[in-house]
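Text of data16.txt (compact mmCIF, C-alpha atoms and all ligand atoms) as supplied:
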# COMPACT_ATOMS: atom_id res chain seq x y z
CA MET A 110 -4.93 22.38 0.85
CA THR A 111 -1.64 20.55 0.48
CA ALA A 112 -1.72 17.27 -1.39
CA LEU A 113 -1.06 14.19 0.72
CA LEU A 114 1.53 12.87 -1.70
CA GLU A 115 3.28 14.43 -4.63
CA ALA A 116 5.86 13.23 -7.15
CA ARG A 117 7.65 15.99 -9.04
CA GLY A 118 9.74 15.12 -12.08
CA LEU A 119 10.44 11.73 -10.59
CA SER A 120 12.97 9.55 -12.45
CA ARG A 121 14.77 6.33 -11.64
CA THR A 122 17.51 4.73 -13.69
CA TYR A 123 18.82 1.33 -12.63
CA GLY A 124 22.44 0.47 -13.39
CA GLU A 125 24.98 2.54 -15.28
CA GLY A 126 26.42 3.07 -18.76
CA GLU A 127 25.50 0.47 -21.36
CA ALA A 128 23.42 -1.48 -18.85
CA ALA A 129 21.37 1.52 -17.64
CA VAL A 130 17.59 1.02 -17.58
CA ALA A 131 15.47 4.17 -17.38
CA ALA A 132 12.60 2.61 -15.44
CA LEU A 133 10.85 5.89 -14.62
CA HIS A 134 11.09 9.17 -16.49
CA ASP A 135 9.94 12.57 -15.27
CA VAL A 136 6.73 11.51 -13.56
CA ASP A 137 4.47 14.10 -11.94
CA LEU A 138 1.67 12.75 -9.80
CA THR A 139 -0.49 14.28 -7.09
CA ILE A 140 -2.57 12.25 -4.64
CA GLU A 141 -5.08 14.16 -2.55
CA ARG A 142 -5.99 13.11 0.97
CA GLY A 143 -8.81 10.55 0.88
CA GLU A 144 -8.34 9.62 -2.76
CA PHE A 145 -8.22 6.07 -4.15
CA VAL A 146 -5.88 6.02 -7.14
CA ALA A 147 -5.08 2.99 -9.30
CA VAL A 148 -1.90 2.80 -11.39
CA MET A 149 -2.21 0.56 -14.44
CA GLY A 150 0.02 -0.37 -17.34
CA PRO A 151 1.85 -3.34 -18.85
CA SER A 152 4.43 -5.35 -16.97
CA GLY A 153 7.74 -3.47 -16.84
CA CYS A 154 6.23 0.01 -17.33
CA GLY A 155 7.53 1.20 -13.96
CA LYS A 156 4.61 0.75 -11.52
CA SER A 157 6.65 -0.95 -8.79
CA THR A 158 9.51 1.49 -9.26
CA LEU A 159 7.11 4.41 -8.77
CA LEU A 160 5.51 2.88 -5.68
CA ASN A 161 8.88 2.05 -4.12
CA LEU A 162 10.05 5.63 -4.59
CA LEU A 163 6.84 7.05 -3.17
CA ALA A 164 7.10 4.71 -0.18
CA GLY A 165 10.69 5.72 0.49
CA LEU A 166 11.88 2.15 -0.10
CA ASP A 167 14.14 3.39 -2.92
CA ARG A 168 15.72 6.74 -3.87
CA PRO A 169 15.01 8.64 -7.09
CA SER A 170 17.75 9.38 -9.64
CA ALA A 171 16.10 12.78 -10.11
CA GLY A 172 12.99 14.56 -8.92
CA GLU A 173 11.25 14.98 -5.60
CA VAL A 174 8.73 13.22 -3.34
CA TRP A 175 6.58 15.32 -1.04
CA LEU A 176 4.44 13.90 1.76
CA ASP A 177 1.92 16.26 3.32
CA GLY A 178 3.89 19.35 2.33
CA ALA A 179 7.32 18.06 3.38
CA ARG A 180 10.04 16.84 1.06
CA VAL A 181 10.93 13.26 1.99
CA ASP A 182 13.23 11.87 -0.73
CA ARG A 183 16.32 13.40 0.91
CA LEU A 184 15.64 12.17 4.45
CA SER A 185 18.14 9.92 6.21
CA GLU A 186 17.46 6.16 6.27
CA THR A 187 16.48 6.43 9.93
CA ALA A 188 14.05 9.27 9.35
CA LEU A 189 12.57 7.47 6.33
CA ALA A 190 12.10 4.28 8.32
CA ARG A 191 10.33 6.22 11.06
CA LEU A 192 8.12 7.94 8.50
CA ARG A 193 7.22 4.64 6.85
CA ARG A 194 6.32 3.09 10.18
CA ARG A 195 4.12 5.96 11.29
CA ARG A 196 2.48 7.17 8.11
CA LEU A 197 2.54 4.48 5.43
CA GLY A 198 1.14 1.00 5.04
CA PHE A 199 2.37 -1.29 2.29
CA VAL A 200 0.69 -4.38 0.78
CA PHE A 201 2.57 -6.64 -1.63
CA GLN A 202 1.51 -9.16 -4.25
CA PHE A 203 2.97 -12.09 -2.31
CA PHE A 204 1.89 -10.88 1.16
CA ASN A 205 5.44 -10.92 2.64
CA LEU A 206 4.29 -12.13 6.04
CA LEU A 207 7.00 -13.28 8.43
CA PRO A 208 6.67 -17.08 8.28
CA THR A 209 7.84 -17.83 11.84
CA MET A 210 5.27 -15.51 13.43
CA THR A 211 1.54 -15.98 13.86
CA ALA A 212 -0.95 -13.80 12.01
CA ALA A 213 -1.49 -11.67 15.13
CA GLU A 214 2.26 -11.28 15.73
CA ASN A 215 2.71 -10.09 12.14
CA VAL A 216 0.10 -7.40 12.78
CA GLU A 217 1.60 -6.49 16.18
CA LEU A 218 5.04 -5.93 14.73
CA PRO A 219 4.49 -2.47 13.17
CA LEU A 220 2.69 -1.39 16.34
CA LEU A 221 5.64 -2.43 18.52
CA LEU A 222 8.07 -0.77 16.10
CA ALA A 223 6.01 2.42 16.39
CA GLY A 224 6.54 2.30 20.16
CA ARG A 225 3.28 0.81 21.38
CA ARG A 226 3.34 -1.37 24.50
CA ARG A 227 2.99 -5.10 24.02
CA ARG A 228 -0.44 -5.38 25.62
CA ALA A 229 -1.87 -2.46 23.63
CA ALA A 230 -0.32 -3.82 20.43
CA ARG A 231 -1.88 -7.21 21.05
CA ARG A 232 -5.29 -5.68 21.64
CA THR A 233 -5.10 -3.51 18.53
CA ALA A 234 -3.90 -6.41 16.36
CA ARG A 235 -6.86 -8.55 17.45
CA ARG A 236 -9.28 -5.73 16.75
CA VAL A 237 -7.90 -5.03 13.27
CA LEU A 238 -7.94 -8.75 12.41
CA ALA A 239 -11.57 -8.84 13.56
CA ASP A 240 -12.35 -5.76 11.42
CA LEU A 241 -11.02 -7.70 8.44
CA GLY A 242 -13.07 -10.79 9.25
CA ILE A 243 -10.22 -13.12 10.30
CA ALA A 244 -10.27 -12.94 14.10
CA ASP A 245 -10.36 -16.74 14.15
CA LYS A 246 -6.98 -16.94 12.35
CA ALA A 247 -5.08 -14.76 14.84
CA ASP A 248 -2.97 -17.64 16.17
CA ALA A 249 -2.42 -19.38 12.84
CA ALA A 250 0.93 -19.42 11.05
CA PRO A 251 0.93 -17.82 7.58
CA ARG A 252 1.51 -21.22 5.90
CA GLU A 253 -1.74 -22.49 7.42
CA LEU A 254 -3.71 -19.74 5.67
CA SER A 255 -5.05 -19.44 2.12
CA GLY A 256 -3.71 -16.70 -0.13
CA GLY A 257 -6.77 -14.55 0.48
CA GLN A 258 -6.44 -14.98 4.25
CA GLN A 259 -2.73 -14.15 4.12
CA GLN A 260 -3.50 -10.99 2.21
CA ARG A 261 -6.10 -10.01 4.82
CA VAL A 262 -3.44 -10.41 7.50
CA ALA A 263 -1.04 -8.35 5.39
CA LEU A 264 -3.73 -5.70 5.02
CA ALA A 265 -4.32 -5.76 8.79
CA ARG A 266 -0.56 -5.23 9.26
CA ALA A 267 -0.63 -2.32 6.80
CA LEU A 268 -3.64 -0.70 8.52
CA ALA A 269 -2.61 -1.35 12.14
CA ASN A 270 -0.94 2.03 12.71
CA GLN A 271 -3.79 3.84 10.93
CA PRO A 272 -1.41 5.21 8.30
CA ASP A 273 -2.32 8.25 6.20
CA LEU A 274 -1.56 6.35 3.04
CA VAL A 275 -1.80 2.70 2.00
CA LEU A 276 0.31 1.69 -0.99
CA GLY A 277 -0.35 -1.63 -2.69
CA ASP A 278 1.73 -3.33 -5.37
CA GLU A 279 -0.68 -5.66 -7.19
CA PRO A 280 -2.41 -6.61 -3.93
CA THR A 281 -4.84 -8.96 -5.69
CA GLY A 282 -2.32 -10.16 -8.29
CA SER A 283 -1.77 -13.64 -6.88
CA LEU A 284 -5.31 -14.32 -5.65
CA ASP A 285 -8.15 -16.20 -7.30
CA SER A 286 -11.16 -14.19 -8.34
CA ALA A 287 -13.20 -14.76 -5.16
CA ALA A 288 -10.31 -13.91 -2.81
CA ALA A 289 -9.38 -10.90 -4.96
CA GLY A 290 -12.97 -9.66 -4.64
CA GLU A 291 -12.82 -10.01 -0.85
CA VAL A 292 -9.52 -8.17 -0.54
CA LEU A 293 -10.82 -5.45 -2.84
CA GLY A 294 -13.91 -5.14 -0.62
CA LEU A 295 -11.67 -4.60 2.41
CA LEU A 296 -9.53 -2.05 0.59
CA ARG A 297 -12.67 -0.18 -0.42
CA ALA A 298 -13.93 -0.28 3.16
CA ALA A 299 -10.61 1.24 4.33
CA HIS A 300 -11.02 3.92 1.69
CA ALA A 301 -14.61 4.56 2.78
CA ARG A 302 -13.26 5.11 6.32
CA GLY A 303 -11.02 7.87 4.99
CA GLN A 304 -7.80 6.06 4.13
CA THR A 305 -5.91 7.22 1.05
CA LEU A 306 -5.07 4.38 -1.34
CA LEU A 307 -2.55 4.10 -4.15
CA LEU A 308 -2.61 0.69 -5.82
CA ALA A 309 -0.64 -0.62 -8.77
CA THR A 310 -2.82 -3.22 -10.42
CA HIS A 311 -3.64 -5.29 -13.49
CA ASP A 312 -7.05 -6.05 -12.04
CA ALA A 313 -9.85 -4.25 -13.89
CA ARG A 314 -12.13 -4.59 -10.86
CA VAL A 315 -9.62 -2.79 -8.64
CA ALA A 316 -9.26 -0.02 -11.22
CA ALA A 317 -13.04 0.28 -11.53
CA ALA A 318 -13.31 0.85 -7.76
CA ALA A 319 -10.78 3.73 -7.81
CA ASP A 320 -11.59 7.44 -8.00
CA ARG A 321 -8.85 7.93 -10.56
CA VAL A 322 -6.85 5.68 -12.87
CA VAL A 323 -3.32 6.64 -13.86
CA THR A 324 -1.98 4.76 -16.89
CA MET A 325 1.75 4.27 -17.39
CA ARG A 326 3.83 3.14 -20.35
CA ASP A 327 7.61 2.89 -20.68
CA GLY A 328 8.27 4.70 -17.42
CA GLU A 329 5.92 7.61 -18.08
CA VAL A 330 2.38 8.55 -17.10
CA THR A 331 0.46 8.58 -20.36
CA ARG A 332 -3.09 9.10 -19.16
CA GLU A 333 -5.11 10.10 -16.09
CA ARG A 334 -8.80 9.43 -15.86
CA THR A 335 -11.21 10.36 -13.09
CA LEU A 336 -14.07 7.89 -12.59
CA ALA A 337 -17.63 8.51 -11.45
CA PRO A 338 -17.88 9.23 -7.71
CA SER A 339 -18.34 6.60 -5.08
CA ARG A 340 -20.38 3.51 -5.53
CA PRO A 341 -21.67 1.72 -2.41
CA VAL A 342 -19.24 -0.46 -0.46
CA THR A 343 -20.30 -3.88 0.77
CA LEU A 344 -18.06 -5.90 3.05
CA PRO A 345 -17.28 -9.50 2.05
CA PHE A 346 -18.34 -10.71 5.52
CA ASP A 347 -20.83 -9.80 8.21
CA PRO A 348 -19.09 -7.09 10.27
CA ASP A 349 -21.36 -7.62 13.23
CA PRO A 350 -22.19 -11.33 13.51
CA ALA A 351 -24.97 -12.08 16.00
P1 LIG B 1 6.22 -2.92 -13.30
O1 LIG B 1 6.04 -2.93 -11.81
O2 LIG B 1 5.28 -1.98 -14.00
O3 LIG B 1 6.15 -4.29 -13.88
P2 LIG B 1 8.97 -2.24 -12.67
O4 LIG B 1 8.95 -0.93 -11.97
O5 LIG B 1 9.16 -3.46 -11.87
O6 LIG B 1 7.69 -2.35 -13.62
O7 LIG B 1 10.15 -2.21 -13.74
C1 LIG B 1 10.36 -1.13 -14.66
C2 LIG B 1 11.60 -1.42 -15.47
O8 LIG B 1 12.75 -1.38 -14.64
C3 LIG B 1 11.62 -2.79 -16.15
O9 LIG B 1 12.27 -2.66 -17.38
C4 LIG B 1 12.42 -3.63 -15.19
O10 LIG B 1 13.05 -4.69 -15.85
C5 LIG B 1 13.44 -2.63 -14.68
N1 LIG B 1 13.88 -2.90 -13.29
C6 LIG B 1 13.09 -2.97 -12.19
N2 LIG B 1 13.82 -3.17 -11.08
C7 LIG B 1 15.12 -3.23 -11.49
C8 LIG B 1 16.37 -3.40 -10.81
N3 LIG B 1 16.43 -3.55 -9.48
N4 LIG B 1 17.49 -3.41 -11.57
C9 LIG B 1 17.45 -3.23 -12.90
N5 LIG B 1 16.32 -3.06 -13.60
C10 LIG B 1 15.15 -3.05 -12.91
MG MG B 2 5.55 -4.47 -10.54
Kindly transcribe the structure held in the file into structure tokens.
Ligand code: ADP
Ligand code: MG
Amino acid sequence: MTALLEARGLSRTYGEGEAAVAALHDVDLTIERGEFVAVMGPSGCGKSTLLNLLAGLDRPSAGEVWLDGARVDRLSETALARLRRRRLGFVFQFFNLLPTMTAAENVELPLLLAGRRRRAARRTARRVLADLGIADKADAAPRELSGGQQQRVALARALANQPDLVLGDEPTGSLDSAAAGEVLGLLRAAHARGQTLLLATHDARVAAAADRVVTMRDGEVTRERTLAPSRPVTLPFDPDPA
């Protein structure tokens, strides 16, 4: 079967001449459908650069990105944007919610951009927020929410279109331990439902929950380690309150 995502000889150099920084050098990586892969490594080793290239948010200096058997690094901006909307979800360290919109509106946005009607988008957003245990925050503004709640909303936004692949750049990196544990629980639940996850992280608990840990150093993959198969997933809230 074709891999869901594949990086072949991927490189990215920022800047030119004397100021050039080789952030990523000749990285090969294959993510199978349904896998949960963690990318670890010290700050500056190229994790965000790799994720941005794989998400089509940035273009490689050399190498190729393949999604589900199709080469995507050469697509036009328009085609890439459409692909991102339909097939990828992205979660960031600092949530990146739109501050002037409510939680529900933030989740509706990718649905509307994907062409869903307003009423259907609203219904889906409410359901996904409920799935993540924050139905009661639907009408709150992001600034009224804790970090952990904001990240749940961001996760709801990433999952709303049921993307093939969810990419996360240190999704628990700015949360306290309890909130990080909750967000990790929700990511694991998404994985248990069949979602493919690729998360850059410093968090040992996130790495321990992955199927495979890829270690990077100085822009290269230096180690890949497959972990013992699935441990049970428990949600950080009652999914079916009486
Ligand atoms: P990580 O996410 O692992 O901390 P990054 O991918 O952010 O690493 O960065 C890898 C290297 O590329 C670092 O040396 C960083 O300073 C450099 N870098 C990242 N983004 C840029 C940019 N836009 N311009 C120049 N250098 C960059
Ligand atoms: Mg980073």
Between A:Ala289, A:Leu138, A:Ala234, A:Ala112, single out the one closest to Arg321 of chain A, counting only C-alpha atoms.
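Checking each candidate against Arg321 of chain A, we get A:Leu138 as the closest.
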At most 8 Å from ligand LIG 1 (chain B) (all atoms listed in the file): residue list as a PyMOL selection string
chain A and resi 122-124+129-133+149-159+278+309+325+327-328
State, in Å with one decimal place, the distance from atom CA of Gln260 of chain A to atom CA of Leu220 of chain A.
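These atoms are spaced 18.2 Å apart.
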Hey, which of A:Gln304, A:Gln202, A:Gln259, A:Thr209 ends up closest to ligand MG 2 (chain B)? Count all atoms listed in the file.
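The closest residue to ligand MG 2 (chain B) is A:Gln202.
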Go through A:Gly198, A:Gly282, A:Gly303, A:Gly143 and flag the residue nearest Ala263 of chain A, using all atoms listed in the file for the distances.
A:Gly198
One decimal, in Å: what's the spacing between atom CA of Asp312 of chain A and atom CA of Ala247 of chain A?
28.3 Å
With distances taken over only C-alpha atoms and all ligand atoms, which residue among A:Leu119, A:Leu308, A:Ala230, A:Leu221 lies nearest ligand MG 2 (chain B)?
A:Leu308
List the neighbours of Val262 of chain A out to 9 Å using all atoms listed in the file; skip same-chain residues closer than 5 positions along the sequence, and give me the result as a list of chain:residue names.
A:Phe204, A:Leu206, A:Ala212, A:Ala213, A:Asn215, A:Val216, A:Leu238, A:Leu241, A:Ile243, A:Lys246, A:Ala247, A:Pro251, A:Gly257, A:Ala267
Pick from A:Leu160, A:Arg231, A:Val174, A:Ala128: nearest to ligand MG 2 (chain B), with all atoms listed in the file counted?
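Ranking A:Leu160, A:Arg231, A:Val174, A:Ala128 by distance to ligand MG 2 (chain B), first place goes to A:Leu160.
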Closest of A:Gly294, A:Thr233, A:Asn161, A:Asp182 to ligand MG 2 (chain B) - atom-to-atom distances counting all atoms listed in the file:
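Ranking A:Gly294, A:Thr233, A:Asn161, A:Asp182 by distance to ligand MG 2 (chain B), first place goes to A:Asn161.
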Atom pair atom CA of Ala337 of chain A / atom CA of Glu144 of chain A: separation (Å):
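Between atom CA of Ala337 of chain A and atom CA of Glu144 of chain A the gap is 12.8 Å.
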Need to verify the contact set: Pro280 of chain A, 7 Å, only C-alpha atoms, exclusion of same-chain residues closer than 3 positions in sequence. Can you return it as a list of chain:residue names?
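So the residues in contact are A:Val200, A:Phe201, A:Gln202, A:Gly277.
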Quick one: segment 270-286 of chain A with N, CA, C and O atoms, as a PDB file, in the frame of the given file?
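Okay, selection.pdb is ready:
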ATOM      1  N   ASN A 270      -1.342   0.719  12.166  1.00  0.00           N
ATOM      2  CA  ASN A 270      -0.940   2.030  12.710  1.00  0.00           C
ATOM      3  C   ASN A 270      -1.804   3.164  12.180  1.00  0.00           C
ATOM      4  O   ASN A 270      -1.447   4.326  12.342  1.00  0.00           O
ATOM      5  N   GLN A 271      -2.917   2.837  11.546  1.00  0.00           N
ATOM      6  CA  GLN A 271      -3.790   3.840  10.930  1.00  0.00           C
ATOM      7  C   GLN A 271      -2.992   4.837  10.097  1.00  0.00           C
ATOM      8  O   GLN A 271      -3.001   6.050  10.361  1.00  0.00           O
ATOM      9  N   PRO A 272      -2.273   4.332   9.094  1.00  0.00           N
ATOM     10  CA  PRO A 272      -1.410   5.210   8.300  1.00  0.00           C
ATOM     11  C   PRO A 272      -2.252   6.163   7.442  1.00  0.00           C
ATOM     12  O   PRO A 272      -3.393   5.881   7.126  1.00  0.00           O
ATOM     13  N   ASP A 273      -1.642   7.295   7.091  1.00  0.00           N
ATOM     14  CA  ASP A 273      -2.320   8.250   6.200  1.00  0.00           C
ATOM     15  C   ASP A 273      -2.554   7.625   4.837  1.00  0.00           C
ATOM     16  O   ASP A 273      -3.534   7.906   4.168  1.00  0.00           O
ATOM     17  N   LEU A 274      -1.575   6.807   4.419  1.00  0.00           N
ATOM     18  CA  LEU A 274      -1.560   6.350   3.040  1.00  0.00           C
ATOM     19  C   LEU A 274      -1.261   4.854   2.996  1.00  0.00           C
ATOM     20  O   LEU A 274      -0.338   4.383   3.657  1.00  0.00           O
ATOM     21  N   VAL A 275      -2.061   4.116   2.214  1.00  0.00           N
ATOM     22  CA  VAL A 275      -1.800   2.700   2.000  1.00  0.00           C
ATOM     23  C   VAL A 275      -1.396   2.509   0.539  1.00  0.00           C
ATOM     24  O   VAL A 275      -2.137   2.869  -0.376  1.00  0.00           O
ATOM     25  N   LEU A 276      -0.192   1.965   0.347  1.00  0.00           N
ATOM     26  CA  LEU A 276       0.310   1.690  -0.990  1.00  0.00           C
ATOM     27  C   LEU A 276       0.221   0.188  -1.224  1.00  0.00           C
ATOM     28  O   LEU A 276       0.567  -0.593  -0.338  1.00  0.00           O
ATOM     29  N   GLY A 277      -0.251  -0.209  -2.397  1.00  0.00           N
ATOM     30  CA  GLY A 277      -0.350  -1.630  -2.690  1.00  0.00           C
ATOM     31  C   GLY A 277       0.247  -1.934  -4.049  1.00  0.00           C
ATOM     32  O   GLY A 277      -0.063  -1.253  -5.033  1.00  0.00           O
ATOM     33  N   ASP A 278       1.133  -2.947  -4.099  1.00  0.00           N
ATOM     34  CA  ASP A 278       1.730  -3.330  -5.370  1.00  0.00           C
ATOM     35  C   ASP A 278       1.081  -4.639  -5.828  1.00  0.00           C
ATOM     36  O   ASP A 278       1.432  -5.706  -5.363  1.00  0.00           O
ATOM     37  N   GLU A 279       0.099  -4.529  -6.699  1.00  0.00           N
ATOM     38  CA  GLU A 279      -0.680  -5.660  -7.190  1.00  0.00           C
ATOM     39  C   GLU A 279      -1.219  -6.517  -6.036  1.00  0.00           C
ATOM     40  O   GLU A 279      -0.968  -7.720  -5.980  1.00  0.00           O
ATOM     41  N   PRO A 280      -1.971  -5.899  -5.140  1.00  0.00           N
ATOM     42  CA  PRO A 280      -2.410  -6.610  -3.930  1.00  0.00           C
ATOM     43  C   PRO A 280      -3.358  -7.772  -4.200  1.00  0.00           C
ATOM     44  O   PRO A 280      -3.512  -8.628  -3.340  1.00  0.00           O
ATOM     45  N   THR A 281      -3.974  -7.816  -5.384  1.00  0.00           N
ATOM     46  CA  THR A 281      -4.840  -8.960  -5.690  1.00  0.00           C
ATOM     47  C   THR A 281      -4.207  -9.836  -6.774  1.00  0.00           C
ATOM     48  O   THR A 281      -4.820 -10.778  -7.255  1.00  0.00           O
ATOM     49  N   GLY A 282      -2.956  -9.542  -7.124  1.00  0.00           N
ATOM     50  CA  GLY A 282      -2.320 -10.160  -8.290  1.00  0.00           C
ATOM     51  C   GLY A 282      -2.065 -11.655  -8.192  1.00  0.00           C
ATOM     52  O   GLY A 282      -1.892 -12.309  -9.218  1.00  0.00           O
ATOM     53  N   SER A 283      -2.026 -12.199  -6.974  1.00  0.00           N
ATOM     54  CA  SER A 283      -1.770 -13.640  -6.880  1.00  0.00           C
ATOM     55  C   SER A 283      -2.958 -14.369  -6.264  1.00  0.00           C
ATOM     56  O   SER A 283      -2.827 -15.488  -5.799  1.00  0.00           O
ATOM     57  N   LEU A 284      -4.132 -13.702  -6.268  1.00  0.00           N
ATOM     58  CA  LEU A 284      -5.310 -14.320  -5.650  1.00  0.00           C
ATOM     59  C   LEU A 284      -6.307 -14.773  -6.710  1.00  0.00           C
ATOM     60  O   LEU A 284      -6.380 -14.201  -7.796  1.00  0.00           O
ATOM     61  N   ASP A 285      -7.088 -15.812  -6.372  1.00  0.00           N
ATOM     62  CA  ASP A 285      -8.150 -16.200  -7.300  1.00  0.00           C
ATOM     63  C   ASP A 285      -9.248 -15.137  -7.239  1.00  0.00           C
ATOM     64  O   ASP A 285      -9.232 -14.243  -6.397  1.00  0.00           O
ATOM     65  N   SER A 286     -10.189 -15.246  -8.158  1.00  0.00           N
ATOM     66  CA  SER A 286     -11.160 -14.190  -8.340  1.00  0.00           C
ATOM     67  C   SER A 286     -11.974 -13.902  -7.072  1.00  0.00           C
ATOM     68  O   SER A 286     -12.203 -12.741  -6.720  1.00  0.00           O
TER      69      SER A 286
END
